[in-house]
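Pasting final.csv here (CSV, C-alpha atoms):
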```csv
chain,number,residue,atom,x,y,z
A,1,LYS,CA,107.5,121.4,107.2
A,2,VAL,CA,107.8,117.6,106.7
A,3,SER,CA,105.3,115.9,104.4
A,4,TYR,CA,104.1,118.9,102.4
A,5,ASP,CA,104.8,116.7,99.3
A,6,TYR,CA,102.4,114.0,100.7
A,7,ALA,CA,99.7,116.6,101.3
A,8,LEU,CA,100.1,117.9,97.8
A,9,PHE,CA,100.0,114.4,96.3
A,10,LEU,CA,96.7,113.7,98.1
A,11,GLU,CA,95.2,116.9,96.8
A,12,LEU,CA,96.4,116.2,93.2
A,13,SER,CA,95.0,112.7,93.4
A,14,LEU,CA,91.5,114.3,93.3
A,15,GLN,CA,92.2,116.2,90.1
A,16,CYS,CA,94.7,113.9,88.2
A,17,THR,CA,95.0,110.4,87.2
A,18,PHE,CA,98.1,108.6,88.3
A,19,HIS,CA,99.5,105.5,86.7
A,20,ALA,CA,101.7,102.8,88.1
A,21,THR,CA,105.0,102.1,86.2
A,22,GLU,CA,107.1,99.0,86.1
A,23,GLN,CA,110.4,100.9,86.5
A,24,PRO,CA,111.3,103.6,89.1
A,25,VAL,CA,110.8,107.1,87.9
A,26,PHE,CA,113.5,108.4,90.3
A,27,LEU,CA,115.9,107.1,92.9
A,28,ARG,CA,116.6,108.6,96.3
A,29,ARG,CA,119.3,108.0,98.8
A,30,ARG,CA,118.1,107.1,102.3
A,31,HIS,CA,120.1,107.4,105.5
A,32,ASN,CA,119.3,108.0,109.2
A,33,SER,CA,119.5,111.8,108.9
A,34,ASN,CA,117.1,112.1,105.9
A,35,MET,CA,114.2,114.4,106.5
A,36,SER,CA,112.0,111.5,105.3
A,37,SER,CA,113.4,109.0,107.8
A,38,ALA,CA,110.7,107.9,110.2
A,39,ASN,CA,110.4,109.1,113.7
A,40,TYR,CA,107.4,109.7,116.0
A,41,ARG,CA,107.0,113.4,115.2
A,42,LYS,CA,107.2,113.0,111.5
A,43,LEU,CA,104.7,110.1,111.4
A,44,LEU,CA,102.3,112.1,113.6
A,45,THR,CA,102.5,114.8,110.9
A,46,VAL,CA,101.6,112.3,108.2
A,47,LEU,CA,98.7,111.0,110.3
A,48,GLU,CA,97.4,114.6,110.7
A,49,ILE,CA,97.7,115.2,107.0
A,50,VAL,CA,95.6,112.1,106.2
A,51,GLU,CA,93.0,112.9,108.8
A,52,ASN,CA,92.7,116.5,107.7
A,53,PHE,CA,92.4,115.4,104.0
A,54,ALA,CA,89.6,113.0,104.9
A,55,GLU,CA,87.8,115.7,106.9
A,56,LYS,CA,88.2,118.3,104.1
A,57,HIS,CA,86.9,115.9,101.5
A,58,SER,CA,84.0,114.1,103.2
A,59,ASN,CA,83.2,112.0,100.1
A,60,ILE,CA,86.6,110.3,100.6
A,61,LYS,CA,85.5,109.1,104.0
A,62,THR,CA,82.5,107.3,102.4
A,63,ARG,CA,83.9,106.3,99.1
A,64,TYR,CA,87.1,104.9,100.4
A,65,LYS,CA,86.1,104.0,104.0
A,66,LYS,CA,87.8,100.6,104.1
A,67,ASP,CA,91.0,101.9,102.5
A,68,LEU,CA,91.1,104.9,104.8
A,69,LYS,CA,90.5,102.8,107.9
A,70,SER,CA,93.3,100.5,106.8
A,71,ARG,CA,95.7,103.5,106.2
A,72,LEU,CA,94.9,105.1,109.5
A,73,ALA,CA,95.4,101.8,111.3
A,74,ASP,CA,98.7,101.3,109.6
A,75,LEU,CA,99.9,104.8,110.5
A,76,ASN,CA,98.8,104.3,114.1
A,77,ASN,CA,100.7,101.0,114.3
A,78,LYS,CA,103.8,102.7,112.9
A,79,LEU,CA,103.3,105.5,115.5
A,80,CYS,CA,103.1,102.9,118.2
A,81,ARG,CA,106.3,101.3,117.2
A,82,GLU,CA,108.2,104.7,116.9
A,83,ALA,CA,106.7,105.9,120.2
A,84,ARG,CA,108.1,102.8,121.9
A,85,LYS,CA,111.5,103.4,120.4
A,86,GLU,CA,111.5,106.9,121.7
A,87,LYS,CA,110.2,105.7,125.1
A,88,LEU,CA,106.8,107.5,124.7
A,89,PHE,CA,104.9,104.7,126.3
A,90,THR,CA,101.6,106.6,126.9
A,91,GLU,CA,101.5,107.7,123.2
A,92,ALA,CA,102.4,104.2,122.1
A,93,LYS,CA,99.5,102.7,124.0
A,94,MET,CA,97.1,105.3,122.6
A,95,HIS,CA,98.2,104.6,119.0
A,96,ALA,CA,98.0,100.8,119.6
A,97,GLN,CA,94.4,101.2,120.8
A,98,LYS,CA,93.4,103.4,117.9
A,99,ALA,CA,95.0,100.9,115.4
A,100,PHE,CA,93.1,98.0,117.0
A,101,LYS,CA,89.8,99.9,117.0
A,102,LEU,CA,90.3,100.8,113.3
A,103,ASN,CA,91.4,97.3,112.2
A,104,PRO,CA,91.0,94.6,114.9
A,105,THR,CA,93.6,91.9,114.1
A,106,ILE,CA,95.6,89.6,116.2
A,107,LYS,CA,98.7,91.6,115.5
A,108,SER,CA,97.2,94.9,116.5
A,109,PHE,CA,95.7,93.2,119.6
A,110,CYS,CA,99.1,92.0,120.7
A,111,ARG,CA,100.6,95.4,120.0
A,112,MET,CA,97.9,96.9,122.1
A,113,LEU,CA,98.8,94.6,125.0
A,114,GLY,CA,102.4,95.5,124.6
A,115,LEU,CA,103.5,92.0,123.4
```

Can I see the file as structure tokens?
Amino acid sequence: KVSYDYALFLELSLQCTFHATEQPVFLRRRHNSNMSSANYRKLLTVLEIVENFAEKHSNIKTRYKKDLKSRLADLNNKLCREARKEKLFTEAKMHAQKAFKLNPTIKSFCRMLGL
């Protein structure tokens, strides 16, 4: 299944300390047929992973409330964009509304209106 590595990374983040590096640790080749290339279904899986992680670890919801809301809004904005590309207009509208509710900005407002 797509994004198991992301779910694992989130779980590990509770037990391990991660450090930023100046240089890349690895390189990967990206192309349209990559498993990691974005599409609506894959992004929906990522959203579900983040939501499930937050539900499983309720302290995350309170400790990182602002960051979590921002991440969920960002994912919903990306889902809106991908849904429109795939002509899933009902889903696009739903994700635009969720994004605006989580992080009401001019950009998310325009996206919600379909501009």

Worksheet item: When you draw a straight line from atom CA of Glu48 of chain A to atom CA of Cys16 of chain A, how long is it in Å?
Response: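 Distance reported for this atom pair: 22.7 Å.
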
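Interatomic distance, atom CA of Leu47 of chain A to atom CA of Leu27 of chain A: 24.8 Å.
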
Discussion item. List as a list in words the residues having at least one atom at most 10 Å from position (109.3, 113.2, 115.2) as given in the file, counting only C-alpha atoms.
Written reply: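 Output: Val2, Ser37, Ala38, Asn39, Tyr40, Arg41, Lys42, Leu43, Leu44, Thr45, Leu79, Glu82, Ala83 and Glu86 of chain A.
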
Store the residues picked out above in a file with C-alpha atoms, as a PDB file, keeping the file's coordinate frame.
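Output file out-v6.pdb follows:
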```pdb
ATOM      1  CA  VAL A   2     107.800 117.600 106.700  1.00  0.00           C
ATOM      2  CA  SER A  37     113.400 109.000 107.800  1.00  0.00           C
ATOM      3  CA  ALA A  38     110.700 107.900 110.200  1.00  0.00           C
ATOM      4  CA  ASN A  39     110.400 109.100 113.700  1.00  0.00           C
ATOM      5  CA  TYR A  40     107.400 109.700 116.000  1.00  0.00           C
ATOM      6  CA  ARG A  41     107.000 113.400 115.200  1.00  0.00           C
ATOM      7  CA  LYS A  42     107.200 113.000 111.500  1.00  0.00           C
ATOM      8  CA  LEU A  43     104.700 110.100 111.400  1.00  0.00           C
ATOM      9  CA  LEU A  44     102.300 112.100 113.600  1.00  0.00           C
ATOM     10  CA  THR A  45     102.500 114.800 110.900  1.00  0.00           C
ATOM     11  CA  LEU A  79     103.300 105.500 115.500  1.00  0.00           C
ATOM     12  CA  GLU A  82     108.200 104.700 116.900  1.00  0.00           C
ATOM     13  CA  ALA A  83     106.700 105.900 120.200  1.00  0.00           C
ATOM     14  CA  GLU A  86     111.500 106.900 121.700  1.00  0.00           C
TER      15      GLU A  86
END
```

Practice prompt. With a distance cut-off of 10 Å and all atoms listed in the file, select the neighbouring residues of segment 6-10 of chain A, excluding the residue or stretch itself and same-chain residues fewer than 6 positions from it, and output the selection as a PyMOL selection string.
Written response: chain A and resi 16+46+48-50+52-54

Worksheet item: Taking (99.1, 104.2, 118.2) in the file's coordinates, which residues come within 12 Å, counting all atoms listed in the file, written as a ChimeraX atom specification?
Response: /A:40,43-44,47,72-84,88-103,108-109,111-114

The selected residues should be written to file as a PDB file, in the coordinates of the input (atoms: C-alpha atoms).
```
ATOM      1  CA  TYR A  40     107.400 109.700 116.000  1.00  0.00           C
ATOM      2  CA  LEU A  43     104.700 110.100 111.400  1.00  0.00           C
ATOM      3  CA  LEU A  44     102.300 112.100 113.600  1.00  0.00           C
ATOM      4  CA  LEU A  47      98.700 111.000 110.300  1.00  0.00           C
ATOM      5  CA  LEU A  72      94.900 105.100 109.500  1.00  0.00           C
ATOM      6  CA  ALA A  73      95.400 101.800 111.300  1.00  0.00           C
ATOM      7  CA  ASP A  74      98.700 101.300 109.600  1.00  0.00           C
ATOM      8  CA  LEU A  75      99.900 104.800 110.500  1.00  0.00           C
ATOM      9  CA  ASN A  76      98.800 104.300 114.100  1.00  0.00           C
ATOM     10  CA  ASN A  77     100.700 101.000 114.300  1.00  0.00           C
ATOM     11  CA  LYS A  78     103.800 102.700 112.900  1.00  0.00           C
ATOM     12  CA  LEU A  79     103.300 105.500 115.500  1.00  0.00           C
ATOM     13  CA  CYS A  80     103.100 102.900 118.200  1.00  0.00           C
ATOM     14  CA  ARG A  81     106.300 101.300 117.200  1.00  0.00           C
ATOM     15  CA  GLU A  82     108.200 104.700 116.900  1.00  0.00           C
ATOM     16  CA  ALA A  83     106.700 105.900 120.200  1.00  0.00           C
ATOM     17  CA  ARG A  84     108.100 102.800 121.900  1.00  0.00           C
ATOM     18  CA  LEU A  88     106.800 107.500 124.700  1.00  0.00           C
ATOM     19  CA  PHE A  89     104.900 104.700 126.300  1.00  0.00           C
ATOM     20  CA  THR A  90     101.600 106.600 126.900  1.00  0.00           C
ATOM     21  CA  GLU A  91     101.500 107.700 123.200  1.00  0.00           C
ATOM     22  CA  ALA A  92     102.400 104.200 122.100  1.00  0.00           C
ATOM     23  CA  LYS A  93      99.500 102.700 124.000  1.00  0.00           C
ATOM     24  CA  MET A  94      97.100 105.300 122.600  1.00  0.00           C
ATOM     25  CA  HIS A  95      98.200 104.600 119.000  1.00  0.00           C
ATOM     26  CA  ALA A  96      98.000 100.800 119.600  1.00  0.00           C
ATOM     27  CA  GLN A  97      94.400 101.200 120.800  1.00  0.00           C
ATOM     28  CA  LYS A  98      93.400 103.400 117.900  1.00  0.00           C
ATOM     29  CA  ALA A  99      95.000 100.900 115.400  1.00  0.00           C
ATOM     30  CA  PHE A 100      93.100  98.000 117.000  1.00  0.00           C
ATOM     31  CA  LYS A 101      89.800  99.900 117.000  1.00  0.00           C
ATOM     32  CA  LEU A 102      90.300 100.800 113.300  1.00  0.00           C
ATOM     33  CA  ASN A 103      91.400  97.300 112.200  1.00  0.00           C
ATOM     34  CA  SER A 108      97.200  94.900 116.500  1.00  0.00           C
ATOM     35  CA  PHE A 109      95.700  93.200 119.600  1.00  0.00           C
ATOM     36  CA  ARG A 111     100.600  95.400 120.000  1.00  0.00           C
ATOM     37  CA  MET A 112      97.900  96.900 122.100  1.00  0.00           C
ATOM     38  CA  LEU A 113      98.800  94.600 125.000  1.00  0.00           C
ATOM     39  CA  GLY A 114     102.400  95.500 124.600  1.00  0.00           C
TER      40      GLY A 114
END
```

Worksheet item: For the atom pair atom CA of Lys56 of chain A and atom CA of Gln15 of chain A, what is the interatomic distance in Å to one decimal place?
Response: 14.7 Å

Worksheet item: For Leu14 of chain A, which residue among A:Lys85, A:Arg28, A:Glu51, A:Ile60 is the nearest when counting only C-alpha atoms?
Response: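 Checking each of A:Lys85, A:Arg28, A:Glu51, A:Ile60 against Leu14 of chain A, counting only C-alpha atoms, the winner is A:Ile60.
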